[in-house]
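Before any comments, here is the structure.
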There are 2 protein chains.
Amino acid sequence: MADVAHATGVSSMTVSRAFKDDASVSKQTRDRIREAADALGYVIDSTASGLSSRKTGFVAVIIPSVSNANFADTLRGLTEGLRETNLQILLGYSDYDVKEEERLVELFLRRRPEAVIVTGGTHTDRCRRFLVNAGVPVVEMWDLPHEPIDQVIGFSNAQAGRLMVQHFVERGYERIGFIGGDTSRDARGADRRAGFLQALCDSGLEATRLVAFGTPPITMREGARAMKQMLSQWPNTQAVMCVSDLSAFGAMTECQRSGLRVPEDMAIGGFGSYDLSEHAIPAITTIDVGARNIGRQAAMRIVALLSSTSQGNWEPMQIEPELIVRHSS
Amino acid sequence: MADVAHATGVSSMTVSRAFKDDASVSKQTRDRIREAADALGYVIDSTASGLSSRKTGFVAVIIPSVSNANFADTLRGLTEGLRETNLQILLGYSDYDVKEEERLVELFLRRRPEAVIVTGGTHTDRCRRFLVNAGVPVVEMWDLPHEPIDQVIGFSNAQAGRLMVQHFVERGYERIGFIGGDTSRDARGADRRAGFLQALCDSGLEATRLVAFGTPPITMREGARAMKQMLSQWPNTQAVMCVSDLSAFGAMTECQRSGLRVPEDMAIGGFGSYDLSEHAIPAITTIDVGARNIGRQAAMRIVALLSSTSQGNWEPMQIEPELIVRHSS
DNA sequence: GCACTGATTGTTATCGCTACCAAAGGGCCG
DNA sequence: CGGCCCTTTGGTAGCGATAACAATCAGTGC
């Protein structure tokens, strides 16, 4: 920076200002400085400016997985929402593991982010302590935690499960099953299942046809295997909700390979509104939570909270899962 | 940090050392310091340590899209490869736009990453200048650039196109088409198409059945529309290669909706070896480039380059695309 | 002409940490 | 017992920027 200052004949302070958007430098000087910087190949050092100004421009974001289209969509929404700000995303994924989430949170807090966004409301104690003491806005998304740490942009996963049961019941199905992964790791998947079971009970239906298979996120392959198990254990099952569209697709192809017609012999419901479920034949009934919108809303809230002017009370934002009925049910 | 030092009765220098892996501090002192830090809620500041030590621990990674399972896999490979180091990924995605890539590279260089990984060998002039002058290892992956900037871990996209033609020809198909997106943005997709066309010509076959539809990455929907156009323009087409498995799936479902049997009436080939193509009915013939492995290799090379001991000459690493024959062709 | 205002630029002192060098303490050997 | 080495700890300067204040200058109104 001193070099650029010298080359332009100004002080380094002026160079610093030339690279800030809102600083008062004459347009002429700024242009000259920018030009000189480009010629010298100078790139401003955010590390130093972050230290000095105590603003790093980072937003730490932790999602369970990047391979999951839903979280990828949320990430996209976040990116879009932060595009015009000078905030940058520091992304980590936890592999659906709260211990790994804790590791990432600690790692990321070292970078002094200006906000932290995590997925879900389930954390280790140590992780929770980190977040509470972070001293910056924290957003929990994709869930409605009982004891929020700070901000919440989410929806009720149990509600999603109930919606699907309601739909199956309206269609006249009575012997209804659920396919998911191990519930120990994926708290949101477990919530969907819990809501699903509760709704079955409320409707006076048997709630025993559960297959849990593989570590989340469960894939098409595991969905297929789980359906195979479902069919051998409860052959007269009429409808199955799957914890995700991917497993729903796997389950559906398993039915088709077994010569079952969907939905006549077996109705299928998924979750997540993947492109896949729209294009599969038959198209798969699913639940849309507006993953991209969740990201966008989280970004908007972060931006609002950081622009100190706004001083609203920030209620949890509750998003309504929406059932999308297609041909598979 | 001074607080922790005071609480433990040591100097801040010793506290600093207690948080480094290789520093010489007695185990006893280190434990006491760590304990005190935890109690005080102290988290070390990487911003400051980065400034002081000139090691930020960042690796800048730019991929075209996170919604694309292939790049998500590469990212996963990278993460795995860097897990045990103290390097952290700074991720950005360019939306298949070299101008956006330039913006990201400039943004990321401000963070003083210790290495930069970009996707593909096509960049704007300014971006290329940035990368050349970055002063840190640069890896171009997913392609074999004619004029590499530094390190290369990639494969020939043209080769991928040729492989599929070869396969179609062996199967006896003669009227062969290609479905892709606008070629102006996706250089790698364009390369696949170029290799495809070249191979058709080499086999003495007509190379005119091209449908380009939508901005990359093209989706299932666009694959379906493109197939519709293909069928109306060249109804007697026997086989089609699609630029990705997603578009291949969309194209295949369009055939099925039109009452065409796959592969008897229309053979389909994709690219990328998505889970989807394995589970679709019929399963889709595709090309596997080992996306995860590319990420892993890139990580390994970065790690090797940064541990100054190794002083090999680093040839481009050329990965061989592999044809996976399934039932759709 | 003079005080006053607003726009632009310069000076100085940090931000929180680590590199570098120095020094203290303990064990071993001749 | 002195000298040497090794382990562990401390002091100081500086990494590259910005915050906060000070200073300069031109224009304005009276």
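Ordered as shown in the structure tokens, chains take letters A, B, and onward, while each chain numbers its residues from 1 and ligands are numbered from 1 in the order shown.
The part of chain C that reaches within 6 Å of chain B is made up of DG16, DC17 and DT18 of chain C, counting only C-alpha atoms (C1' of nucleotides).
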DT5 (chain C) surroundings by only C-alpha atoms (C1' of nucleotides), 12 Å radius, close-in-sequence under 3 positions cut, as a VMD selection string: chain D and resid 25 to 29
Among region 101-166 of chain A, which residues does DSSP mark as strand (DSSP E or B) when it is run on the backbone? Keep the chain and numbering as in the structure and answer as a short mmCIF file (atom, residue, chain, number, x, y, z; two decimals) with N, CA and C atoms, in the first residue's frame.
data_model
loop_
_atom_site.label_atom_id
_atom_site.label_comp_id
_atom_site.auth_asym_id
_atom_site.auth_seq_id
_atom_site.Cartn_x
_atom_site.Cartn_y
_atom_site.Cartn_z
N ALA A 115 -21.41 -12.52 11.43
CA ALA A 115 -22.65 -13.22 11.74
C ALA A 115 -22.39 -14.71 11.53
N VAL A 116 -23.21 -15.53 12.17
CA VAL A 116 -23.08 -16.98 12.02
C VAL A 116 -24.45 -17.55 11.67
N ILE A 117 -24.48 -18.41 10.67
CA ILE A 117 -25.72 -19.07 10.29
C ILE A 117 -25.51 -20.57 10.39
N VAL A 118 -26.33 -21.22 11.19
CA VAL A 118 -26.21 -22.67 11.31
C VAL A 118 -27.53 -23.31 10.89
N THR A 119 -27.45 -24.59 10.56
CA THR A 119 -28.64 -25.31 10.15
C THR A 119 -29.16 -26.12 11.32
N VAL A 138 -26.64 -14.59 15.38
CA VAL A 138 -26.62 -16.01 15.04
C VAL A 138 -28.00 -16.37 14.47
N VAL A 139 -28.01 -17.03 13.33
CA VAL A 139 -29.27 -17.47 12.75
C VAL A 139 -29.32 -18.99 12.75
N GLU A 140 -30.37 -19.55 13.30
CA GLU A 140 -30.63 -20.98 13.13
C GLU A 140 -31.70 -21.12 12.07
N MET A 141 -31.43 -21.91 11.07
CA MET A 141 -32.41 -22.03 10.00
C MET A 141 -32.83 -23.48 9.79
N GLN A 151 -31.56 -15.63 16.29
CA GLN A 151 -32.52 -15.50 15.19
C GLN A 151 -32.95 -16.88 14.68
N VAL A 152 -34.15 -16.95 14.15
CA VAL A 152 -34.64 -18.21 13.57
C VAL A 152 -35.36 -17.94 12.25
N ILE A 153 -34.96 -18.69 11.23
CA ILE A 153 -35.68 -18.68 9.95
C ILE A 153 -35.92 -20.13 9.64
N GLY A 154 -37.11 -20.63 9.92
CA GLY A 154 -37.28 -22.06 9.73
C GLY A 154 -38.71 -22.49 9.55
#
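Residues lying within 12 Å of Leu200 (chain A), counting only C-alpha atoms (C1' of nucleotides) and ignoring same-chain neighbours fewer than 3 positions away, are A:Gly161, A:Arg162, A:Leu163, A:Met164, A:Val165, A:Gln166, A:His167, A:Phe168, A:Val169, A:Tyr173, A:Glu174, A:Arg175, A:Ile176, A:Gly177, A:Phe178, A:Arg193, A:Ala194, A:Gly195, A:Phe196, A:Leu197, A:Ser203, A:Gly204, A:Leu205, A:Glu206, A:Ala207, A:Thr208, A:Arg209, A:Met241.
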Filtered DSSP result for region 88-126 of chain A, state helix (DSSP H, G or I), as a ChimeraX atom specification: /A:98-109,125-126
Take the residues that were just selected and, keeping C-alpha atoms, output them as a short mmCIF file (atom, residue, chain, number, x, y, z; two decimals), in the first residue's frame.
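Printed below is part39.cif as written:
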data_model
loop_
_atom_site.label_atom_id
_atom_site.label_comp_id
_atom_site.auth_asym_id
_atom_site.auth_seq_id
_atom_site.Cartn_x
_atom_site.Cartn_y
_atom_site.Cartn_z
CA VAL A 98 -23.19 -32.01 15.69
CA LYS A 99 -19.67 -32.79 16.83
CA GLU A 100 -18.36 -31.74 13.47
CA GLU A 101 -20.56 -28.67 13.64
CA GLU A 102 -18.91 -27.77 16.93
CA ARG A 103 -15.49 -28.11 15.36
CA LEU A 104 -16.50 -25.86 12.49
CA VAL A 105 -18.06 -23.24 14.72
CA GLU A 106 -14.89 -22.99 16.77
CA LEU A 107 -12.78 -22.84 13.64
CA PHE A 108 -14.96 -20.17 12.08
CA LEU A 109 -15.20 -17.99 15.17
CA ASP A 125 -23.37 -27.88 24.69
CA ARG A 126 -19.96 -26.51 23.88
#
Region 2-14 of chain D surroundings by only C-alpha atoms (C1' of nucleotides), 7 Å radius, close-in-sequence under 3 positions cut, as a PyMOL selection string: chain B and resi 11+14+25-26
Just-selected residues, all heavy atoms written as a CSV table (one decimal), in the first residue's frame:
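Generated file (result-v6.csv):
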chain,number,residue,atom,x,y,z
B,11,SER,N,3.3,-15.3,29.9
B,11,SER,CA,3.3,-14.2,28.9
B,11,SER,C,2.4,-14.5,27.8
B,11,SER,O,2.1,-15.7,27.5
B,11,SER,CB,4.7,-14.0,28.4
B,11,SER,OG,5.1,-15.0,27.5
B,14,THR,N,3.6,-17.1,25.3
B,14,THR,CA,3.4,-18.5,25.7
B,14,THR,C,2.0,-19.0,25.4
B,14,THR,O,1.7,-20.1,24.9
B,14,THR,CB,3.7,-18.8,27.2
B,14,THR,OG1,5.0,-18.3,27.5
B,14,THR,CG2,3.6,-20.2,27.5
B,25,VAL,N,6.0,-25.9,24.1
B,25,VAL,CA,5.5,-25.5,25.4
B,25,VAL,C,5.3,-26.8,26.2
B,25,VAL,O,5.0,-27.8,25.6
B,25,VAL,CB,4.1,-24.9,25.2
B,25,VAL,CG1,3.7,-24.1,26.5
B,25,VAL,CG2,4.0,-24.0,24.0
B,26,SER,N,5.6,-26.7,27.4
B,26,SER,CA,5.4,-27.9,28.2
B,26,SER,C,3.9,-28.3,28.2
B,26,SER,O,3.0,-27.5,28.2
B,26,SER,CB,5.9,-27.7,29.7
B,26,SER,OG,5.0,-26.9,30.3
Per residue of chain D within 12 Å of chain A, note the shortest atom pair and the distance in Å to one decimal, counting only C-alpha atoms (C1' of nucleotides), and order the rows by chain and increasing residue number, as JSON lines.
{"residue": "D:DC15", "atom": "C1'", "partner": "A:Ala48", "partner_atom": "CA", "distance": 8.1}
{"residue": "D:DG16", "atom": "C1'", "partner": "A:Ala48", "partner_atom": "CA", "distance": 5.0}
{"residue": "D:DA17", "atom": "C1'", "partner": "A:Ser49", "partner_atom": "CA", "distance": 4.4}
{"residue": "D:DT18", "atom": "C1'", "partner": "A:Ser52", "partner_atom": "CA", "distance": 5.3}
{"residue": "D:DA19", "atom": "C1'", "partner": "A:Ser53", "partner_atom": "CA", "distance": 7.6}
Distance filter 8 Å, only C-alpha atoms, chain A against chain B, as a PyMOL selection string: chain A and resi 41+43-48+50-51+66-67+69+72-73+89-91+106+109-112+130+133+220-221+250+253+275-276+279-281
Contact residues around Ile33 (chain B) with only C-alpha atoms (C1' of nucleotides) at 10 Å, ignoring same-chain residues under 6 positions, as a ChimeraX atom specification: /B:4-5,7-10,14-19,27,39
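Computed from the coordinates, the CA of Pro263 (chain A) to CA of Leu231 (chain A) distance equals 14.6 Å.
In this model, the gap between CA of Val61 (chain B) and CA of Val132 (chain B) comes to 15.7 Å.
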List the neighbours of Pro145 (chain B) out to 8 Å using only C-alpha atoms (C1' of nucleotides); skip same-chain residues closer than 6 positions along the sequence, and give me the result as a PDB file with C-alpha atoms, in the first residue's frame.
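Wrote part.pdb, looks like this:
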ATOM      1  CA  GLY B 120     -11.293 -24.879 -16.034  1.00  0.00           C
ATOM      2  CA  GLY B 121      -8.612 -23.195 -18.056  1.00  0.00           C
ATOM      3  CA  THR B 122     -10.618 -20.349 -19.535  1.00  0.00           C
ATOM      4  CA  VAL B 152      -3.300 -28.836 -13.593  1.00  0.00           C
TER       5      VAL B 152
END
Contact residues around region 287-293 of chain B with only C-alpha atoms (C1' of nucleotides) at 6 Å, ignoring same-chain residues under 6 positions, as number ranges by chain: B: 70, 73-74, 77, 271-273, 321-324
